[in-house]
Amino acid sequence: RSDTRLNQAYKQKMAQLTPEQQTQFKTAQRNWIAFRDSDCEFQSSGVKGGSVWPMIYSGCLQQKTEQRTKEINAIMHCEEGDLSCP
């Protein structure tokens, strides 16, 4: 479900962007996915190979994915005049 919500937010934000911004956002999202996956590998490395590893790893992915969804939703609803918001 977390991935579905992230993908929905991503698509909605992409529709708001210029072609140049779309390219930048796509690159940022791909880099974020790589970071998320490698960071969760690291975060769960203490239990790698154990029976609890899948739960720890997937929990990390879920937490980071939900946080990213919140970030994207926040930049979809920028206050008027917020120059730091794409």
# chains A, B, ... in the order shown; residues from 1 in each chain; ligands from 1
>>> residues_around(residues="Pro86 in chain A", least_positions_apart="2", cutoff="10 Å", atoms="only C-alpha atoms", output="list in words")
Lys13, Gln16, Leu17, Thr18, Gln21, Phe25, Ile75, Met76, Cys78, Asp82, Leu83 and Ser84 of chain A
>>> residues_around(residues="Lys64 in chain A", least_positions_apart="5", cutoff="10 Å", atoms="only C-alpha atoms", output="short mmCIF file (atom, residue, chain, number, x, y, z; two decimals) with N, CA, C and O atoms, in the first residue's frame")
data_model
loop_
_atom_site.label_atom_id
_atom_site.label_comp_id
_atom_site.auth_asym_id
_atom_site.auth_seq_id
_atom_site.Cartn_x
_atom_site.Cartn_y
_atom_site.Cartn_z
N SER A 2 1.97 1.20 0.74
CA SER A 2 2.85 2.37 0.81
C SER A 2 3.38 2.73 -0.57
O SER A 2 3.43 3.90 -0.93
N TRP A 32 16.54 8.69 -4.79
CA TRP A 32 15.93 8.44 -3.49
C TRP A 32 15.66 6.95 -3.30
O TRP A 32 15.92 6.39 -2.23
N ILE A 33 15.16 6.28 -4.34
CA ILE A 33 14.89 4.83 -4.26
C ILE A 33 16.18 4.08 -3.98
O ILE A 33 16.22 3.18 -3.13
N PHE A 35 18.85 5.26 -2.50
CA PHE A 35 19.22 5.56 -1.12
C PHE A 35 18.37 4.76 -0.15
O PHE A 35 18.88 4.15 0.79
N ARG A 36 17.06 4.76 -0.36
CA ARG A 36 16.15 4.04 0.53
C ARG A 36 16.55 2.56 0.64
O ARG A 36 16.68 2.01 1.73
N ASP A 37 16.75 1.94 -0.51
CA ASP A 37 17.07 0.52 -0.53
C ASP A 37 18.41 0.23 0.15
O ASP A 37 18.52 -0.70 0.96
N ASP A 39 20.03 2.15 2.33
CA ASP A 39 19.97 2.48 3.74
C ASP A 39 19.23 1.41 4.53
O ASP A 39 19.65 1.05 5.63
N CYS A 40 18.17 0.87 3.96
CA CYS A 40 17.45 -0.21 4.65
C CYS A 40 18.29 -1.48 4.71
O CYS A 40 18.21 -2.23 5.69
N SER A 58 11.61 -4.88 5.49
CA SER A 58 10.38 -4.36 4.90
C SER A 58 9.78 -3.24 5.75
O SER A 58 9.19 -2.30 5.21
N GLY A 59 9.94 -3.30 7.05
CA GLY A 59 9.48 -2.21 7.91
C GLY A 59 10.23 -0.93 7.64
O GLY A 59 9.65 0.16 7.64
N THR A 69 6.40 9.91 0.70
CA THR A 69 5.06 10.27 0.24
C THR A 69 4.62 11.57 0.90
O THR A 69 4.06 12.46 0.23
N LYS A 70 4.87 11.71 2.18
CA LYS A 70 4.54 12.95 2.89
C LYS A 70 5.30 14.13 2.30
O LYS A 70 4.74 15.22 2.14
#
>>> residues_around(residues="Glu41 in chain A", least_positions_apart="6", cutoff="12 Å", atoms="only C-alpha atoms", output="PyMOL selection string")
chain A and resi 34-35+47-49+53-54+56-61
>>> closest_residue(among="A:Gly46, A:His77, A:Glu66, A:Arg30", to="Thr4 in chain A", atoms="only C-alpha atoms")
A:Glu66
>>> select_by_dssp(residues="chain A", states="helix (DSSP H, G or I)", output="PyMOL selection string")
chain A and resi 2-16+19-43+45-47+53-76
>>> decode(residues="range 25-59 of chain A", atoms="N, CA, C and O atoms", output="PDB file, in the first residue's frame")
ATOM      1  N   PHE A  25      12.907  15.787 -11.261  1.00  0.00           N
ATOM      2  CA  PHE A  25      12.159  15.038 -10.249  1.00  0.00           C
ATOM      3  C   PHE A  25      12.342  13.532 -10.448  1.00  0.00           C
ATOM      4  O   PHE A  25      12.509  12.780  -9.487  1.00  0.00           O
ATOM      5  N   LYS A  26      12.329  13.091 -11.706  1.00  0.00           N
ATOM      6  CA  LYS A  26      12.532  11.676 -12.005  1.00  0.00           C
ATOM      7  C   LYS A  26      13.915  11.227 -11.524  1.00  0.00           C
ATOM      8  O   LYS A  26      14.058  10.176 -10.909  1.00  0.00           O
ATOM      9  N   THR A  27      14.925  12.042 -11.783  1.00  0.00           N
ATOM     10  CA  THR A  27      16.281  11.727 -11.319  1.00  0.00           C
ATOM     11  C   THR A  27      16.338  11.694  -9.798  1.00  0.00           C
ATOM     12  O   THR A  27      16.914  10.776  -9.211  1.00  0.00           O
ATOM     13  N   ALA A  28      15.732  12.680  -9.167  1.00  0.00           N
ATOM     14  CA  ALA A  28      15.714  12.729  -7.698  1.00  0.00           C
ATOM     15  C   ALA A  28      15.017  11.505  -7.126  1.00  0.00           C
ATOM     16  O   ALA A  28      15.485  10.912  -6.134  1.00  0.00           O
ATOM     17  N   GLN A  29      13.913  11.099  -7.742  1.00  0.00           N
ATOM     18  CA  GLN A  29      13.166   9.944  -7.232  1.00  0.00           C
ATOM     19  C   GLN A  29      13.964   8.659  -7.396  1.00  0.00           C
ATOM     20  O   GLN A  29      13.995   7.816  -6.496  1.00  0.00           O
ATOM     21  N   ARG A  30      14.617   8.501  -8.528  1.00  0.00           N
ATOM     22  CA  ARG A  30      15.453   7.309  -8.734  1.00  0.00           C
ATOM     23  C   ARG A  30      16.596   7.275  -7.713  1.00  0.00           C
ATOM     24  O   ARG A  30      16.918   6.222  -7.164  1.00  0.00           O
ATOM     25  N   ASN A  31      17.213   8.429  -7.479  1.00  0.00           N
ATOM     26  CA  ASN A  31      18.280   8.498  -6.477  1.00  0.00           C
ATOM     27  C   ASN A  31      17.739   8.209  -5.078  1.00  0.00           C
ATOM     28  O   ASN A  31      18.398   7.554  -4.279  1.00  0.00           O
ATOM     29  N   TRP A  32      16.536   8.692  -4.787  1.00  0.00           N
ATOM     30  CA  TRP A  32      15.930   8.442  -3.485  1.00  0.00           C
ATOM     31  C   TRP A  32      15.660   6.949  -3.303  1.00  0.00           C
ATOM     32  O   TRP A  32      15.920   6.394  -2.231  1.00  0.00           O
ATOM     33  N   ILE A  33      15.159   6.276  -4.344  1.00  0.00           N
ATOM     34  CA  ILE A  33      14.893   4.831  -4.257  1.00  0.00           C
ATOM     35  C   ILE A  33      16.182   4.078  -3.980  1.00  0.00           C
ATOM     36  O   ILE A  33      16.221   3.179  -3.129  1.00  0.00           O
ATOM     37  N   ALA A  34      17.256   4.437  -4.664  1.00  0.00           N
ATOM     38  CA  ALA A  34      18.547   3.786  -4.430  1.00  0.00           C
ATOM     39  C   ALA A  34      19.010   4.023  -2.995  1.00  0.00           C
ATOM     40  O   ALA A  34      19.496   3.102  -2.325  1.00  0.00           O
ATOM     41  N   PHE A  35      18.851   5.262  -2.505  1.00  0.00           N
ATOM     42  CA  PHE A  35      19.217   5.564  -1.122  1.00  0.00           C
ATOM     43  C   PHE A  35      18.369   4.758  -0.151  1.00  0.00           C
ATOM     44  O   PHE A  35      18.880   4.145   0.788  1.00  0.00           O
ATOM     45  N   ARG A  36      17.058   4.759  -0.359  1.00  0.00           N
ATOM     46  CA  ARG A  36      16.150   4.035   0.534  1.00  0.00           C
ATOM     47  C   ARG A  36      16.546   2.561   0.638  1.00  0.00           C
ATOM     48  O   ARG A  36      16.684   2.013   1.727  1.00  0.00           O
ATOM     49  N   ASP A  37      16.753   1.943  -0.514  1.00  0.00           N
ATOM     50  CA  ASP A  37      17.072   0.516  -0.528  1.00  0.00           C
ATOM     51  C   ASP A  37      18.407   0.227   0.146  1.00  0.00           C
ATOM     52  O   ASP A  37      18.517  -0.699   0.960  1.00  0.00           O
ATOM     53  N   SER A  38      19.422   1.027  -0.161  1.00  0.00           N
ATOM     54  CA  SER A  38      20.737   0.769   0.442  1.00  0.00           C
ATOM     55  C   SER A  38      20.743   1.113   1.923  1.00  0.00           C
ATOM     56  O   SER A  38      21.384   0.422   2.721  1.00  0.00           O
ATOM     57  N   ASP A  39      20.028   2.149   2.329  1.00  0.00           N
ATOM     58  CA  ASP A  39      19.972   2.484   3.740  1.00  0.00           C
ATOM     59  C   ASP A  39      19.232   1.405   4.526  1.00  0.00           C
ATOM     60  O   ASP A  39      19.653   1.054   5.629  1.00  0.00           O
ATOM     61  N   CYS A  40      18.167   0.872   3.964  1.00  0.00           N
ATOM     62  CA  CYS A  40      17.449  -0.208   4.651  1.00  0.00           C
ATOM     63  C   CYS A  40      18.288  -1.483   4.706  1.00  0.00           C
ATOM     64  O   CYS A  40      18.211  -2.231   5.686  1.00  0.00           O
ATOM     65  N   GLU A  41      19.087  -1.724   3.692  1.00  0.00           N
ATOM     66  CA  GLU A  41      20.037  -2.856   3.742  1.00  0.00           C
ATOM     67  C   GLU A  41      20.973  -2.667   4.929  1.00  0.00           C
ATOM     68  O   GLU A  41      21.224  -3.596   5.701  1.00  0.00           O
ATOM     69  N   PHE A  42      21.493  -1.450   5.058  1.00  0.00           N
ATOM     70  CA  PHE A  42      22.395  -1.159   6.175  1.00  0.00           C
ATOM     71  C   PHE A  42      21.671  -1.263   7.514  1.00  0.00           C
ATOM     72  O   PHE A  42      22.160  -1.892   8.448  1.00  0.00           O
ATOM     73  N   GLN A  43      20.497  -0.626   7.604  1.00  0.00           N
ATOM     74  CA  GLN A  43      19.754  -0.605   8.864  1.00  0.00           C
ATOM     75  C   GLN A  43      19.407  -2.014   9.348  1.00  0.00           C
ATOM     76  O   GLN A  43      19.339  -2.246  10.554  1.00  0.00           O
ATOM     77  N   SER A  44      19.201  -2.931   8.417  1.00  0.00           N
ATOM     78  CA  SER A  44      18.820  -4.292   8.792  1.00  0.00           C
ATOM     79  C   SER A  44      19.993  -5.271   8.772  1.00  0.00           C
ATOM     80  O   SER A  44      19.809  -6.469   8.982  1.00  0.00           O
ATOM     81  N   SER A  45      21.193  -4.775   8.554  1.00  0.00           N
ATOM     82  CA  SER A  45      22.358  -5.667   8.398  1.00  0.00           C
ATOM     83  C   SER A  45      22.689  -6.460   9.654  1.00  0.00           C
ATOM     84  O   SER A  45      23.274  -7.539   9.570  1.00  0.00           O
ATOM     85  N   GLY A  46      22.298  -5.956  10.799  1.00  0.00           N
ATOM     86  CA  GLY A  46      22.576  -6.668  12.043  1.00  0.00           C
ATOM     87  C   GLY A  46      21.825  -7.979  12.176  1.00  0.00           C
ATOM     88  O   GLY A  46      22.226  -8.845  12.957  1.00  0.00           O
ATOM     89  N   VAL A  47      20.754  -8.127  11.420  1.00  0.00           N
ATOM     90  CA  VAL A  47      19.967  -9.360  11.494  1.00  0.00           C
ATOM     91  C   VAL A  47      19.936 -10.097  10.156  1.00  0.00           C
ATOM     92  O   VAL A  47      19.151 -11.030   9.976  1.00  0.00           O
ATOM     93  N   LYS A  48      20.792  -9.688   9.229  1.00  0.00           N
ATOM     94  CA  LYS A  48      20.834 -10.305   7.891  1.00  0.00           C
ATOM     95  C   LYS A  48      21.050 -11.803   8.026  1.00  0.00           C
ATOM     96  O   LYS A  48      21.910 -12.255   8.774  1.00  0.00           O
ATOM     97  N   GLY A  49      20.245 -12.565   7.326  1.00  0.00           N
ATOM     98  CA  GLY A  49      20.352 -14.018   7.364  1.00  0.00           C
ATOM     99  C   GLY A  49      19.470 -14.654   8.428  1.00  0.00           C
ATOM    100  O   GLY A  49      19.253 -15.854   8.420  1.00  0.00           O
ATOM    101  N   GLY A  50      18.951 -13.842   9.321  1.00  0.00           N
ATOM    102  CA  GLY A  50      18.081 -14.356  10.369  1.00  0.00           C
ATOM    103  C   GLY A  50      16.621 -14.332   9.943  1.00  0.00           C
ATOM    104  O   GLY A  50      16.244 -13.709   8.960  1.00  0.00           O
ATOM    105  N   SER A  51      15.806 -15.003  10.724  1.00  0.00           N
ATOM    106  CA  SER A  51      14.386 -15.094  10.378  1.00  0.00           C
ATOM    107  C   SER A  51      13.660 -13.754  10.513  1.00  0.00           C
ATOM    108  O   SER A  51      12.620 -13.553   9.892  1.00  0.00           O
ATOM    109  N   VAL A  52      14.204 -12.833  11.298  1.00  0.00           N
ATOM    110  CA  VAL A  52      13.556 -11.545  11.505  1.00  0.00           C
ATOM    111  C   VAL A  52      13.951 -10.518  10.430  1.00  0.00           C
ATOM    112  O   VAL A  52      13.314  -9.491  10.295  1.00  0.00           O
ATOM    113  N   TRP A  53      14.979 -10.820   9.637  1.00  0.00           N
ATOM    114  CA  TRP A  53      15.467  -9.869   8.645  1.00  0.00           C
ATOM    115  C   TRP A  53      14.379  -9.358   7.691  1.00  0.00           C
ATOM    116  O   TRP A  53      14.259  -8.138   7.506  1.00  0.00           O
ATOM    117  N   PRO A  54      13.553 -10.223   7.088  1.00  0.00           N
ATOM    118  CA  PRO A  54      12.550  -9.690   6.155  1.00  0.00           C
ATOM    119  C   PRO A  54      11.606  -8.676   6.813  1.00  0.00           C
ATOM    120  O   PRO A  54      11.229  -7.680   6.191  1.00  0.00           O
ATOM    121  N   MET A  55      11.255  -8.912   8.060  1.00  0.00           N
ATOM    122  CA  MET A  55      10.360  -8.001   8.759  1.00  0.00           C
ATOM    123  C   MET A  55      11.046  -6.653   9.022  1.00  0.00           C
ATOM    124  O   MET A  55      10.462  -5.598   8.809  1.00  0.00           O
ATOM    125  N   ILE A  56      12.294  -6.694   9.455  1.00  0.00           N
ATOM    126  CA  ILE A  56      13.040  -5.464   9.733  1.00  0.00           C
ATOM    127  C   ILE A  56      13.270  -4.680   8.442  1.00  0.00           C
ATOM    128  O   ILE A  56      13.054  -3.469   8.387  1.00  0.00           O
ATOM    129  N   TYR A  57      13.685  -5.368   7.401  1.00  0.00           N
ATOM    130  CA  TYR A  57      13.958  -4.725   6.118  1.00  0.00           C
ATOM    131  C   TYR A  57      12.688  -4.114   5.527  1.00  0.00           C
ATOM    132  O   TYR A  57      12.674  -2.938   5.137  1.00  0.00           O
ATOM    133  N   SER A  58      11.608  -4.879   5.487  1.00  0.00           N
ATOM    134  CA  SER A  58      10.376  -4.356   4.898  1.00  0.00           C
ATOM    135  C   SER A  58       9.784  -3.236   5.745  1.00  0.00           C
ATOM    136  O   SER A  58       9.191  -2.296   5.209  1.00  0.00           O
ATOM    137  N   GLY A  59       9.938  -3.300   7.053  1.00  0.00           N
ATOM    138  CA  GLY A  59       9.480  -2.215   7.915  1.00  0.00           C
ATOM    139  C   GLY A  59      10.227  -0.928   7.636  1.00  0.00           C
ATOM    140  O   GLY A  59       9.648   0.160   7.635  1.00  0.00           O
TER     141      GLY A  59
END
